>>> print(open('structure29.csv').read())   # CSV, C-alpha atoms and all ligand atoms
chain,number,residue,atom,x,y,z
A,269,MET,CA,116.0,127.1,102.1
A,270,SER,CA,114.8,125.8,105.5
A,271,PHE,CA,111.5,125.7,107.4
A,272,GLU,CA,113.3,124.6,110.6
A,273,HIS,CA,113.1,128.0,112.3
A,274,ILE,CA,109.5,128.5,111.5
A,275,ALA,CA,108.4,124.9,112.3
A,276,PRO,CA,107.5,125.4,116.0
A,277,HIS,CA,105.3,128.4,115.0
A,278,TYR,CA,103.7,127.2,111.9
A,279,ASP,CA,100.7,125.7,113.6
A,280,TRP,CA,99.6,128.7,115.6
A,281,MET,CA,100.4,131.1,112.8
A,282,GLU,CA,98.1,129.1,110.5
A,283,ARG,CA,95.3,129.0,113.0
A,284,LEU,CA,95.6,132.7,113.7
A,285,LEU,CA,95.9,133.9,110.1
A,286,ALA,CA,93.7,131.4,108.3
A,287,GLY,CA,91.6,129.5,110.9
A,288,GLU,CA,90.4,126.3,109.2
A,289,ARG,CA,90.5,127.7,105.6
A,290,LEU,CA,93.7,126.0,104.5
A,291,GLN,CA,92.6,122.7,106.0
A,292,HIS,CA,89.3,122.9,104.1
A,293,MET,CA,91.4,123.1,100.9
A,294,ARG,CA,93.7,120.3,102.0
A,295,GLU,CA,90.7,118.0,102.5
A,296,ALA,CA,88.5,119.3,99.6
A,297,TRP,CA,89.3,116.3,97.4
A,298,LEU,CA,90.3,113.8,100.0
A,299,GLU,CA,87.5,111.4,99.0
A,300,LYS,CA,89.2,111.0,95.6
A,301,LEU,CA,91.9,109.0,97.3
A,302,LYS,CA,89.4,106.2,98.0
A,303,GLY,CA,90.9,103.0,96.6
A,304,CYS,CA,94.5,104.4,96.4
A,305,ARG,CA,96.9,101.9,98.0
A,306,ARG,CA,100.0,104.1,98.0
A,307,ILE,CA,99.9,107.8,98.5
A,308,LEU,CA,102.9,110.3,98.4
A,309,SER,CA,102.6,113.7,100.1
A,310,VAL,CA,105.4,116.0,99.2
A,311,GLY,CA,106.2,119.0,101.5
A,312,GLU,CA,103.8,117.5,104.0
A,313,GLY,CA,104.9,120.0,106.7
A,314,HIS,CA,103.2,119.9,110.1
A,315,GLY,CA,101.0,116.9,109.2
A,316,ARG,CA,97.5,118.3,108.9
A,317,PHE,CA,96.9,116.5,105.6
A,318,ALA,CA,98.5,113.3,106.9
A,319,ALA,CA,96.3,113.3,110.0
A,320,ALA,CA,93.1,113.6,107.9
A,321,CYS,CA,94.3,111.1,105.3
A,322,THR,CA,95.3,108.4,107.7
A,323,ALA,CA,92.1,108.9,109.7
A,324,ARG,CA,90.0,108.5,106.6
A,325,PHE,CA,92.0,105.8,104.8
A,326,PRO,CA,93.8,103.8,107.5
A,327,GLU,CA,94.4,100.9,105.1
A,328,ALA,CA,96.4,103.1,102.6
A,329,GLU,CA,100.1,103.4,102.8
A,330,LEU,CA,101.0,107.1,103.1
A,331,THR,CA,104.6,108.3,102.5
A,332,CYS,CA,105.3,111.9,103.7
A,333,LEU,CA,108.3,113.6,102.4
A,334,ASP,CA,109.7,116.9,103.7
A,335,ALA,CA,113.1,118.5,103.9
A,336,SER,CA,112.6,119.9,107.4
A,337,PRO,CA,113.2,117.4,110.3
A,338,ARG,CA,111.2,119.6,112.7
A,339,MET,CA,108.2,119.8,110.3
A,340,LEU,CA,108.4,116.0,109.8
A,341,ALA,CA,108.5,115.4,113.6
A,342,GLN,CA,105.3,117.4,114.1
A,343,ALA,CA,103.6,115.5,111.3
A,344,ARG,CA,104.7,112.2,112.9
A,345,GLN,CA,103.4,113.3,116.3
A,346,ARG,CA,100.1,114.5,114.8
A,347,THR,CA,99.5,111.2,113.0
A,348,LEU,CA,100.8,108.9,115.6
A,349,ARG,CA,98.4,106.1,116.6
A,350,PRO,CA,98.4,102.3,116.7
A,351,GLY,CA,98.7,100.6,113.4
A,352,GLU,CA,99.7,103.9,111.7
A,353,ASN,CA,100.6,103.1,108.1
A,354,CYS,CA,103.0,106.0,107.3
A,355,ARG,CA,106.5,106.3,106.0
A,356,TRP,CA,108.5,109.4,106.8
A,357,VAL,CA,111.1,110.6,104.4
A,358,GLU,CA,113.4,113.5,105.3
A,359,ALA,CA,114.7,114.7,101.9
A,360,ASP,CA,114.9,117.5,99.5
A,361,ILE,CA,112.5,116.6,96.7
A,362,LEU,CA,115.0,118.1,94.2
A,363,GLU,CA,117.6,115.5,95.2
A,364,TRP,CA,115.4,112.6,96.2
A,365,ILE,CA,115.8,109.4,94.2
A,366,GLN,CA,112.5,107.8,94.0
A,367,VAL,CA,112.3,104.0,93.5
A,368,GLU,CA,108.6,103.3,94.1
A,369,ARG,CA,105.4,104.2,92.3
A,370,TYR,CA,102.3,105.8,93.8
A,371,ASP,CA,98.6,105.8,93.0
A,372,ALA,CA,98.3,109.4,94.3
A,373,ILE,CA,100.5,112.4,94.7
A,374,VAL,CA,99.5,115.2,97.1
A,375,THR,CA,101.0,118.6,97.3
A,376,CYS,CA,99.5,121.0,99.8
A,377,PHE,CA,100.9,124.5,99.8
A,378,SER,CA,104.3,123.1,98.8
A,379,LEU,CA,104.5,123.7,95.0
A,380,ASP,CA,104.4,127.4,95.7
A,381,CYS,CA,107.9,127.1,97.3
A,382,PHE,CA,109.7,126.5,94.0
A,383,SER,CA,111.1,128.8,91.3
A,384,PRO,CA,109.8,128.1,87.8
A,385,GLY,CA,112.8,125.9,86.9
A,386,GLN,CA,112.6,123.9,90.1
A,387,LEU,CA,108.9,123.5,89.8
A,388,ALA,CA,109.3,121.9,86.3
A,389,ALA,CA,111.9,119.5,87.8
A,390,VAL,CA,109.7,118.6,90.8
A,391,VAL,CA,106.6,118.0,88.7
A,392,ALA,CA,108.5,115.8,86.2
A,393,LYS,CA,110.1,113.8,89.1
A,394,LEU,CA,106.8,113.3,90.8
A,395,ALA,CA,105.0,112.4,87.6
A,396,SER,CA,107.7,109.8,86.9
A,397,CYS,CA,106.8,108.0,90.1
A,398,ALA,CA,103.0,108.2,89.6
A,399,THR,CA,101.1,105.2,88.1
A,400,ASP,CA,99.4,105.6,84.7
A,401,GLU,CA,96.0,106.3,86.3
A,402,ALA,CA,97.3,108.2,89.3
A,403,CYS,CA,95.5,111.2,90.8
A,404,TRP,CA,97.2,114.4,92.0
A,405,LEU,CA,95.7,116.7,94.6
A,406,VAL,CA,97.1,120.2,94.6
A,407,ALA,CA,96.0,122.7,97.3
A,408,ASP,CA,97.7,126.1,97.0
A,409,PHE,CA,97.4,129.8,96.8
A,410,ALA,CA,96.3,131.4,93.5
A,411,VAL,CA,96.0,134.8,91.8
A,412,PRO,CA,92.7,135.5,90.1
A,413,ALA,CA,92.8,136.7,86.5
A,414,ASP,CA,91.5,140.3,87.1
A,415,GLY,CA,89.5,142.8,89.2
A,416,ALA,CA,89.7,143.6,92.8
A,417,ALA,CA,90.3,140.0,93.7
A,418,ARG,CA,93.5,140.0,91.7
A,419,TRP,CA,94.8,143.1,93.5
A,420,ARG,CA,93.9,141.6,96.9
A,421,ALA,CA,95.7,138.4,96.0
A,422,GLN,CA,98.7,140.2,94.7
A,423,LEU,CA,99.0,142.1,98.0
A,424,VAL,CA,98.6,138.9,100.1
A,425,HIS,CA,101.2,137.1,97.9
A,426,ALA,CA,103.7,140.0,98.2
A,427,LEU,CA,103.5,139.9,102.0
A,428,MET,CA,103.6,136.1,102.1
A,429,TYR,CA,106.5,135.7,99.8
A,430,GLY,CA,108.4,138.5,101.4
A,431,PHE,CA,107.9,136.9,104.9
A,432,PHE,CA,108.9,133.4,103.8
A,433,ARG,CA,111.8,134.7,101.8
A,434,ILE,CA,113.3,136.3,104.9
A,435,VAL,CA,112.4,133.6,107.4
A,436,THR,CA,113.1,130.4,105.3
A,437,GLY,CA,115.2,131.6,102.3
A,438,LEU,CA,112.4,130.5,100.0
A,439,PRO,CA,113.8,130.3,96.4
A,440,ALA,CA,110.5,131.3,94.8
A,441,ARG,CA,109.7,135.0,94.3
A,442,ARG,CA,106.2,134.5,93.2
A,443,LEU,CA,103.7,131.8,92.5
A,444,THR,CA,104.2,129.7,89.4
A,445,PRO,CA,101.0,127.8,88.4
A,446,PRO,CA,101.8,124.2,87.8
A,447,ASP,CA,98.8,123.6,85.4
A,448,GLU,CA,100.7,123.4,82.1
A,449,LEU,CA,103.4,121.2,83.7
A,450,LEU,CA,100.8,118.8,85.0
A,451,ARG,CA,99.1,118.7,81.6
A,452,ALA,CA,102.4,118.0,79.9
A,453,GLN,CA,102.8,114.9,82.1
A,454,GLY,CA,99.4,113.5,81.1
A,455,PHE,CA,97.3,114.9,83.9
A,456,SER,CA,93.8,116.4,83.3
A,457,LEU,CA,92.0,118.8,85.7
A,458,CYS,CA,88.9,116.9,86.9
A,459,GLY,CA,87.8,119.4,89.6
A,460,ARG,CA,88.7,122.8,91.1
A,461,ARG,CA,87.4,124.5,94.2
A,462,VAL,CA,88.2,128.1,94.7
A,463,THR,CA,87.6,130.1,97.8
A,464,GLU,CA,88.6,133.4,99.5
A,465,TRP,CA,88.0,135.6,96.5
A,466,GLY,CA,90.2,133.3,94.4
A,467,LEU,CA,93.1,133.3,96.8
A,468,LEU,CA,92.9,129.6,97.7
A,469,GLN,CA,92.5,126.8,95.2
A,470,SER,CA,92.2,123.1,95.6
A,471,ASP,CA,92.5,120.8,92.5
A,472,TRP,CA,91.9,117.2,91.7
A,473,TRP,CA,94.0,116.1,88.7
A,474,ARG,CA,93.9,112.6,87.1
A,475,ARG,CA,96.3,111.1,84.7
A,476,THR,CA,94.4,110.2,81.6
A,477,GLY,CA,97.1,109.8,79.0
A,478,ARG,CA,100.8,110.3,78.1
B,501,LIG,C1,104.5,126.2,103.1
B,501,LIG,S1,105.0,124.7,103.9
B,501,LIG,C2,103.5,123.8,103.6
B,501,LIG,C3,103.3,122.7,104.7
B,501,LIG,C4,102.0,121.8,104.6
B,501,LIG,N1,102.1,121.0,103.4
B,501,LIG,C5,100.8,122.7,104.6
B,501,LIG,O1,99.8,122.2,103.9
B,501,LIG,O2,100.7,123.7,105.3
B,501,LIG,C6,106.0,124.0,102.7
B,501,LIG,C7,106.6,122.7,103.2
B,501,LIG,O3,107.4,122.2,102.1
B,501,LIG,C8,108.7,121.8,102.5
B,501,LIG,N2,109.6,121.9,101.4
B,501,LIG,C9,109.9,123.1,100.8
B,501,LIG,N3,110.9,122.9,99.9
B,501,LIG,C10,111.1,121.5,99.9
B,501,LIG,C11,112.0,120.7,99.2
B,501,LIG,N4,112.8,121.2,98.3
B,501,LIG,N5,112.0,119.4,99.5
B,501,LIG,C12,111.2,118.9,100.4
B,501,LIG,N6,110.3,119.6,101.2
B,501,LIG,C13,110.3,120.9,100.9
B,501,LIG,C14,109.0,122.7,103.7
B,501,LIG,O4,109.9,122.1,104.6
B,501,LIG,C15,107.6,122.8,104.3
B,501,LIG,O5,107.3,121.9,105.3
>>> encode(input="structure29.csv", output="structure tokens", more="lines below")
Ligand SMILES: C[S@@+](CC[C@H](N)C(=O)[O-])C[C@H]1O[C@@H](n2cnc3c(N)ncnc32)[C@H](O)[C@@H]1O
Amino acid sequence: MSFEHIAPHYDWMERLLAGERLQHMREAWLEKLKGCRRILSVGEGHGRFAAACTARFPEAELTCLDASPRMLAQARQRTLRPGENCRWVEADILEWIQVERYDAIVTCFSLDCFSPGQLAAVVAKLASCATDEACWLVADFAVPADGAARWRAQLVHALMYGFFRIVTGLPARRLTPPDELLRAQGFSLCGRRVTEWGLLQSDWWRRTGR
């Protein structure tokens, strides 16, 4: 799996196909990071969350992890400014050995890349490096429970997964909601914003007990 080929095109494709809609979801719960000293963004990609986060909380230390060097280079370029407080980690999250703990975990449109087995491993790994009161922001695609919105989302997902599977070798064939995995790690859903007929979802989770 590699986003290297698509990295130079990711930005314009997002703007063309989604305008600012994905960015609104990335930033929907940004204020909940207030007071967090150490933030980990996994699958940061082209840096749109990182740019918003460092602009809003310049004092926080943001670690951005991504397996794609080209994606990471774009994120770095986008975030670059004097006094920037970012760390850049080029790694596969499935193999990454974490040594530090974070007050906040952020996953924007990255958990949907994983197969069910991988997702369980990723959530467990990230939870193990989150503090006891950490928050976790998850922005991602979703499939509504029923009705026309569900058919619409299923069609969009089929096109999206088909495209990314061919271009990046994505291991996931469909979306696996991470909710039960997060709950098993002691996180509770504190807020959810849903837009685009249920196609886009942005969650604020907080660890309340283990
Ligand atoms: C769909 S893109 C999302 C990028 C960005 N976070 C956004 O909001 O648009 C998924 C990102 O996750 C990264 N990624 C996918 N699998 C990964 C893995 N196993 N380890 C680290 N990064 C991964 C990809 O390189 C890519 O940059």
>>> atom_distance(input="structure29.csv", atom1="CA of Ala410 (chain A)", atom2="CA of Gly466 (chain A)")
6.5 Å
>>> closest_atom_pairs(input="structure29.csv", of="chain A", to="ligand LIG 501 (chain B)", cutoff="9 Å", atoms="all atoms listed in the file", output="JSON lines")
{"residue": "A:Met269", "atom": "CA", "partner": "B:LIG501", "partner_atom": "N3", "distance": 7.0}
{"residue": "A:Ser270", "atom": "CA", "partner": "B:LIG501", "partner_atom": "O4", "distance": 6.2}
{"residue": "A:Phe271", "atom": "CA", "partner": "B:LIG501", "partner_atom": "O4", "distance": 4.8}
{"residue": "A:Glu272", "atom": "CA", "partner": "B:LIG501", "partner_atom": "O4", "distance": 7.3}
{"residue": "A:Ala275", "atom": "CA", "partner": "B:LIG501", "partner_atom": "O5", "distance": 7.7}
{"residue": "A:Tyr278", "atom": "CA", "partner": "B:LIG501", "partner_atom": "O2", "distance": 8.1}
{"residue": "A:Asp279", "atom": "CA", "partner": "B:LIG501", "partner_atom": "O2", "distance": 8.5}
{"residue": "A:Glu282", "atom": "CA", "partner": "B:LIG501", "partner_atom": "O2", "distance": 7.9}
{"residue": "A:Leu290", "atom": "CA", "partner": "B:LIG501", "partner_atom": "O1", "distance": 7.2}
{"residue": "A:Gln291", "atom": "CA", "partner": "B:LIG501", "partner_atom": "O1", "distance": 7.5}
{"residue": "A:Met293", "atom": "CA", "partner": "B:LIG501", "partner_atom": "O1", "distance": 9.0}
{"residue": "A:Arg294", "atom": "CA", "partner": "B:LIG501", "partner_atom": "O1", "distance": 6.7}
{"residue": "A:Ser309", "atom": "CA", "partner": "B:LIG501", "partner_atom": "N1", "distance": 8.0}
{"residue": "A:Val310", "atom": "CA", "partner": "B:LIG501", "partner_atom": "N6", "distance": 6.4}
{"residue": "A:Gly311", "atom": "CA", "partner": "B:LIG501", "partner_atom": "O3", "distance": 3.5}
{"residue": "A:Glu312", "atom": "CA", "partner": "B:LIG501", "partner_atom": "N1", "distance": 3.9}
{"residue": "A:Gly313", "atom": "CA", "partner": "B:LIG501", "partner_atom": "O5", "distance": 3.4}
{"residue": "A:His314", "atom": "CA", "partner": "B:LIG501", "partner_atom": "C4", "distance": 5.9}
{"residue": "A:Gly315", "atom": "CA", "partner": "B:LIG501", "partner_atom": "C4", "distance": 6.8}
{"residue": "A:Arg316", "atom": "CA", "partner": "B:LIG501", "partner_atom": "O1", "distance": 6.7}
{"residue": "A:Phe317", "atom": "CA", "partner": "B:LIG501", "partner_atom": "O1", "distance": 6.6}
{"residue": "A:Leu333", "atom": "CA", "partner": "B:LIG501", "partner_atom": "C12", "distance": 6.4}
{"residue": "A:Asp334", "atom": "CA", "partner": "B:LIG501", "partner_atom": "N6", "distance": 3.7}
{"residue": "A:Ala335", "atom": "CA", "partner": "B:LIG501", "partner_atom": "C12", "distance": 4.0}
{"residue": "A:Ser336", "atom": "CA", "partner": "B:LIG501", "partner_atom": "O4", "distance": 4.5}
{"residue": "A:Pro337", "atom": "CA", "partner": "B:LIG501", "partner_atom": "O4", "distance": 8.1}
{"residue": "A:Arg338", "atom": "CA", "partner": "B:LIG501", "partner_atom": "O4", "distance": 8.6}
{"residue": "A:Met339", "atom": "CA", "partner": "B:LIG501", "partner_atom": "O5", "distance": 5.5}
{"residue": "A:Leu340", "atom": "CA", "partner": "B:LIG501", "partner_atom": "O5", "distance": 7.5}
{"residue": "A:Glu358", "atom": "CA", "partner": "B:LIG501", "partner_atom": "C12", "distance": 7.6}
{"residue": "A:Ala359", "atom": "CA", "partner": "B:LIG501", "partner_atom": "C12", "distance": 5.7}
{"residue": "A:Asp360", "atom": "CA", "partner": "B:LIG501", "partner_atom": "N5", "distance": 3.5}
{"residue": "A:Ile361", "atom": "CA", "partner": "B:LIG501", "partner_atom": "N5", "distance": 4.0}
{"residue": "A:Leu362", "atom": "CA", "partner": "B:LIG501", "partner_atom": "N4", "distance": 5.6}
{"residue": "A:Glu363", "atom": "CA", "partner": "B:LIG501", "partner_atom": "N5", "distance": 8.1}
{"residue": "A:Trp364", "atom": "CA", "partner": "B:LIG501", "partner_atom": "N5", "distance": 8.3}
{"residue": "A:Val374", "atom": "CA", "partner": "B:LIG501", "partner_atom": "N1", "distance": 8.9}
{"residue": "A:Thr375", "atom": "CA", "partner": "B:LIG501", "partner_atom": "N1", "distance": 6.6}
{"residue": "A:Cys376", "atom": "CA", "partner": "B:LIG501", "partner_atom": "O1", "distance": 4.3}
{"residue": "A:Phe377", "atom": "CA", "partner": "B:LIG501", "partner_atom": "C2", "distance": 4.7}
{"residue": "A:Ser378", "atom": "CA", "partner": "B:LIG501", "partner_atom": "C6", "distance": 4.3}
{"residue": "A:Leu379", "atom": "CA", "partner": "B:LIG501", "partner_atom": "O3", "distance": 7.8}
{"residue": "A:Asp380", "atom": "CA", "partner": "B:LIG501", "partner_atom": "C1", "distance": 7.5}
{"residue": "A:Cys381", "atom": "CA", "partner": "B:LIG501", "partner_atom": "C9", "distance": 5.7}
{"residue": "A:Phe382", "atom": "CA", "partner": "B:LIG501", "partner_atom": "N3", "distance": 7.0}
{"residue": "A:Gln386", "atom": "CA", "partner": "B:LIG501", "partner_atom": "N4", "distance": 8.6}
{"residue": "A:Val390", "atom": "CA", "partner": "B:LIG501", "partner_atom": "N4", "distance": 8.5}
{"residue": "A:Ala407", "atom": "CA", "partner": "B:LIG501", "partner_atom": "O1", "distance": 7.6}
{"residue": "A:Asp408", "atom": "CA", "partner": "B:LIG501", "partner_atom": "O1", "distance": 8.2}
{"residue": "A:Phe432", "atom": "CA", "partner": "B:LIG501", "partner_atom": "C1", "distance": 8.5}
{"residue": "A:Thr436", "atom": "CA", "partner": "B:LIG501", "partner_atom": "C14", "distance": 8.9}
{"residue": "A:Leu438", "atom": "CA", "partner": "B:LIG501", "partner_atom": "N3", "distance": 7.7}
{"residue": "A:Pro439", "atom": "CA", "partner": "B:LIG501", "partner_atom": "N3", "distance": 8.7}
>>> atom_distance(input="structure29.csv", atom1="CA of Arg461 (chain A)", atom2="CA of Gly415 (chain A)")
19.1 Å
>>> atom_distance(input="structure29.csv", atom1="CA of His292 (chain A)", atom2="CA of Arg418 (chain A)")
21.5 Å
>>> residues_near_point(input="structure29.csv", point="(104.6, 110.5, 90.6)", cutoff="10 Å", atoms="all atoms listed in the file", output="list in words")
Ile307, Leu308, Gln366, Glu368, Arg369, Tyr370, Asp371, Ala372, Ile373, Val374, Val390, Val391, Ala392, Lys393, Leu394, Ala395, Ser396, Cys397, Ala398, Thr399, Asp400, Ala402, Cys403, Trp404 and Gln453 of chain A
>>> closest_residue(input="structure29.csv", among="A:Arg442, A:His277, A:Lys302, A:Arg433", to="Ala421 (chain A)", atoms="only C-alpha atoms")
A:Arg442
>>> residues_around(input="structure29.csv", residues="region 353-356 of chain A", least_positions_apart="4", cutoff="8 Å", atoms="all atoms listed in the file", output="PDB file with C-alpha atoms, in the frame of the given file")
ATOM      1  CA  THR A 322      95.300 108.400 107.700  1.00  0.00           C
ATOM      2  CA  PRO A 326      93.800 103.800 107.500  1.00  0.00           C
ATOM      3  CA  GLU A 327      94.400 100.900 105.100  1.00  0.00           C
ATOM      4  CA  ALA A 328      96.400 103.100 102.600  1.00  0.00           C
ATOM      5  CA  GLU A 329     100.100 103.400 102.800  1.00  0.00           C
ATOM      6  CA  LEU A 330     101.000 107.100 103.100  1.00  0.00           C
ATOM      7  CA  THR A 331     104.600 108.300 102.500  1.00  0.00           C
ATOM      8  CA  CYS A 332     105.300 111.900 103.700  1.00  0.00           C
ATOM      9  CA  LEU A 333     108.300 113.600 102.400  1.00  0.00           C
ATOM     10  CA  LEU A 340     108.400 116.000 109.800  1.00  0.00           C
ATOM     11  CA  ARG A 344     104.700 112.200 112.900  1.00  0.00           C
TER      12      ARG A 344
END
>>> axis_aligned_box(input="structure29.csv", around="region 334-339 of chain A", padding_each_side="3 Å", output="lines of an AutoDock Vina configuration file")
center_x = 110.7
center_y = 118.4
center_z = 108.2
size_x = 11.0
size_y = 9.0
size_z = 15.0
>>> closest_residue(input="structure29.csv", among="A:Leu298, A:Val424, A:Ala413, A:Leu285", to="Ala318 (chain A)", atoms="all atoms listed in the file")
A:Leu298
>>> residues_around(input="structure29.csv", residues="Pro384 (chain A)", least_positions_apart="5", cutoff="9 Å", atoms="only C-alpha atoms", output="ChimeraX atom specification")
/A:389,440,443-446
>>> build_atoms(input="structure29.csv", residues="region 325-353 of chain A", atoms="N, CA and C atoms", output="PDB file, in the coordinates of the input")
ATOM      1  N   PHE A 325      91.585 106.994 105.561  1.00  0.00           N
ATOM      2  CA  PHE A 325      92.000 105.800 104.800  1.00  0.00           C
ATOM      3  C   PHE A 325      93.108 105.058 105.560  1.00  0.00           C
ATOM      4  N   PRO A 326      92.786 104.450 106.702  1.00  0.00           N
ATOM      5  CA  PRO A 326      93.800 103.800 107.500  1.00  0.00           C
ATOM      6  C   PRO A 326      94.528 102.658 106.778  1.00  0.00           C
ATOM      7  N   GLU A 327      93.859 102.089 105.776  1.00  0.00           N
ATOM      8  CA  GLU A 327      94.400 100.900 105.100  1.00  0.00           C
ATOM      9  C   GLU A 327      95.471 101.370 104.023  1.00  0.00           C
ATOM     10  N   ALA A 328      95.425 102.614 103.592  1.00  0.00           N
ATOM     11  CA  ALA A 328      96.400 103.100 102.600  1.00  0.00           C
ATOM     12  C   ALA A 328      97.745 103.310 103.186  1.00  0.00           C
ATOM     13  N   GLU A 329      98.774 103.150 102.370  1.00  0.00           N
ATOM     14  CA  GLU A 329     100.100 103.400 102.800  1.00  0.00           C
ATOM     15  C   GLU A 329     100.486 104.857 102.420  1.00  0.00           C
ATOM     16  N   LEU A 330     100.724 105.705 103.411  1.00  0.00           N
ATOM     17  CA  LEU A 330     101.000 107.100 103.100  1.00  0.00           C
ATOM     18  C   LEU A 330     102.501 107.391 103.356  1.00  0.00           C
ATOM     19  N   THR A 331     103.166 107.912 102.334  1.00  0.00           N
ATOM     20  CA  THR A 331     104.600 108.300 102.500  1.00  0.00           C
ATOM     21  C   THR A 331     104.594 109.856 102.516  1.00  0.00           C
ATOM     22  N   CYS A 332     105.180 110.391 103.585  1.00  0.00           N
ATOM     23  CA  CYS A 332     105.300 111.900 103.700  1.00  0.00           C
ATOM     24  C   CYS A 332     106.725 112.272 103.590  1.00  0.00           C
ATOM     25  N   LEU A 333     106.974 113.135 102.633  1.00  0.00           N
ATOM     26  CA  LEU A 333     108.300 113.600 102.400  1.00  0.00           C
ATOM     27  C   LEU A 333     108.420 115.101 102.743  1.00  0.00           C
ATOM     28  N   ASP A 334     109.474 115.459 103.452  1.00  0.00           N
ATOM     29  CA  ASP A 334     109.700 116.900 103.700  1.00  0.00           C
ATOM     30  C   ASP A 334     111.194 117.081 104.016  1.00  0.00           C
ATOM     31  N   ALA A 335     111.687 118.250 103.651  1.00  0.00           N
ATOM     32  CA  ALA A 335     113.100 118.500 103.900  1.00  0.00           C
ATOM     33  C   ALA A 335     113.392 118.964 105.294  1.00  0.00           C
ATOM     34  N   SER A 336     112.350 119.345 106.040  1.00  0.00           N
ATOM     35  CA  SER A 336     112.600 119.900 107.400  1.00  0.00           C
ATOM     36  C   SER A 336     112.303 118.792 108.450  1.00  0.00           C
ATOM     37  N   PRO A 337     113.342 118.409 109.200  1.00  0.00           N
ATOM     38  CA  PRO A 337     113.200 117.400 110.300  1.00  0.00           C
ATOM     39  C   PRO A 337     112.125 117.826 111.302  1.00  0.00           C
ATOM     40  N   ARG A 338     112.106 119.114 111.633  1.00  0.00           N
ATOM     41  CA  ARG A 338     111.200 119.600 112.700  1.00  0.00           C
ATOM     42  C   ARG A 338     109.717 119.512 112.162  1.00  0.00           C
ATOM     43  N   MET A 339     109.513 119.874 110.917  1.00  0.00           N
ATOM     44  CA  MET A 339     108.200 119.800 110.300  1.00  0.00           C
ATOM     45  C   MET A 339     107.739 118.299 110.333  1.00  0.00           C
ATOM     46  N   LEU A 340     108.661 117.458 109.913  1.00  0.00           N
ATOM     47  CA  LEU A 340     108.400 116.000 109.800  1.00  0.00           C
ATOM     48  C   LEU A 340     108.052 115.435 111.205  1.00  0.00           C
ATOM     49  N   ALA A 341     108.781 115.909 112.217  1.00  0.00           N
ATOM     50  CA  ALA A 341     108.500 115.400 113.600  1.00  0.00           C
ATOM     51  C   ALA A 341     107.133 115.803 114.040  1.00  0.00           C
ATOM     52  N   GLN A 342     106.710 117.009 113.692  1.00  0.00           N
ATOM     53  CA  GLN A 342     105.300 117.400 114.100  1.00  0.00           C
ATOM     54  C   GLN A 342     104.301 116.597 113.342  1.00  0.00           C
ATOM     55  N   ALA A 343     104.570 116.327 112.075  1.00  0.00           N
ATOM     56  CA  ALA A 343     103.600 115.500 111.300  1.00  0.00           C
ATOM     57  C   ALA A 343     103.497 114.128 111.906  1.00  0.00           C
ATOM     58  N   ARG A 344     104.627 113.588 112.288  1.00  0.00           N
ATOM     59  CA  ARG A 344     104.700 112.200 112.900  1.00  0.00           C
ATOM     60  C   ARG A 344     103.870 112.223 114.190  1.00  0.00           C
ATOM     61  N   GLN A 345     104.095 113.233 115.005  1.00  0.00           N
ATOM     62  CA  GLN A 345     103.400 113.300 116.300  1.00  0.00           C
ATOM     63  C   GLN A 345     101.895 113.447 116.091  1.00  0.00           C
ATOM     64  N   ARG A 346     101.515 114.220 115.110  1.00  0.00           N
ATOM     65  CA  ARG A 346     100.100 114.500 114.800  1.00  0.00           C
ATOM     66  C   ARG A 346      99.391 113.212 114.326  1.00  0.00           C
ATOM     67  N   THR A 347     100.137 112.376 113.662  1.00  0.00           N
ATOM     68  CA  THR A 347      99.500 111.200 113.000  1.00  0.00           C
ATOM     69  C   THR A 347      99.664 109.957 113.794  1.00  0.00           C
ATOM     70  N   LEU A 348     100.473 110.045 114.851  1.00  0.00           N
ATOM     71  CA  LEU A 348     100.800 108.900 115.600  1.00  0.00           C
ATOM     72  C   LEU A 348      99.592 108.174 116.235  1.00  0.00           C
ATOM     73  N   ARG A 349      99.436 106.909 115.894  1.00  0.00           N
ATOM     74  CA  ARG A 349      98.400 106.100 116.600  1.00  0.00           C
ATOM     75  C   ARG A 349      98.705 104.643 116.217  1.00  0.00           C
ATOM     76  N   PRO A 350      98.127 103.706 116.989  1.00  0.00           N
ATOM     77  CA  PRO A 350      98.400 102.300 116.700  1.00  0.00           C
ATOM     78  C   PRO A 350      98.062 101.892 115.325  1.00  0.00           C
ATOM     79  N   GLY A 351      98.929 101.131 114.706  1.00  0.00           N
ATOM     80  CA  GLY A 351      98.700 100.600 113.400  1.00  0.00           C
ATOM     81  C   GLY A 351      98.859 101.666 112.271  1.00  0.00           C
ATOM     82  N   GLU A 352      99.410 102.807 112.648  1.00  0.00           N
ATOM     83  CA  GLU A 352      99.700 103.900 111.700  1.00  0.00           C
ATOM     84  C   GLU A 352     100.468 103.320 110.487  1.00  0.00           C
ATOM     85  N   ASN A 353     100.010 103.661 109.274  1.00  0.00           N
ATOM     86  CA  ASN A 353     100.600 103.100 108.100  1.00  0.00           C
ATOM     87  C   ASN A 353     101.333 104.166 107.274  1.00  0.00           C
TER      88      ASN A 353
END
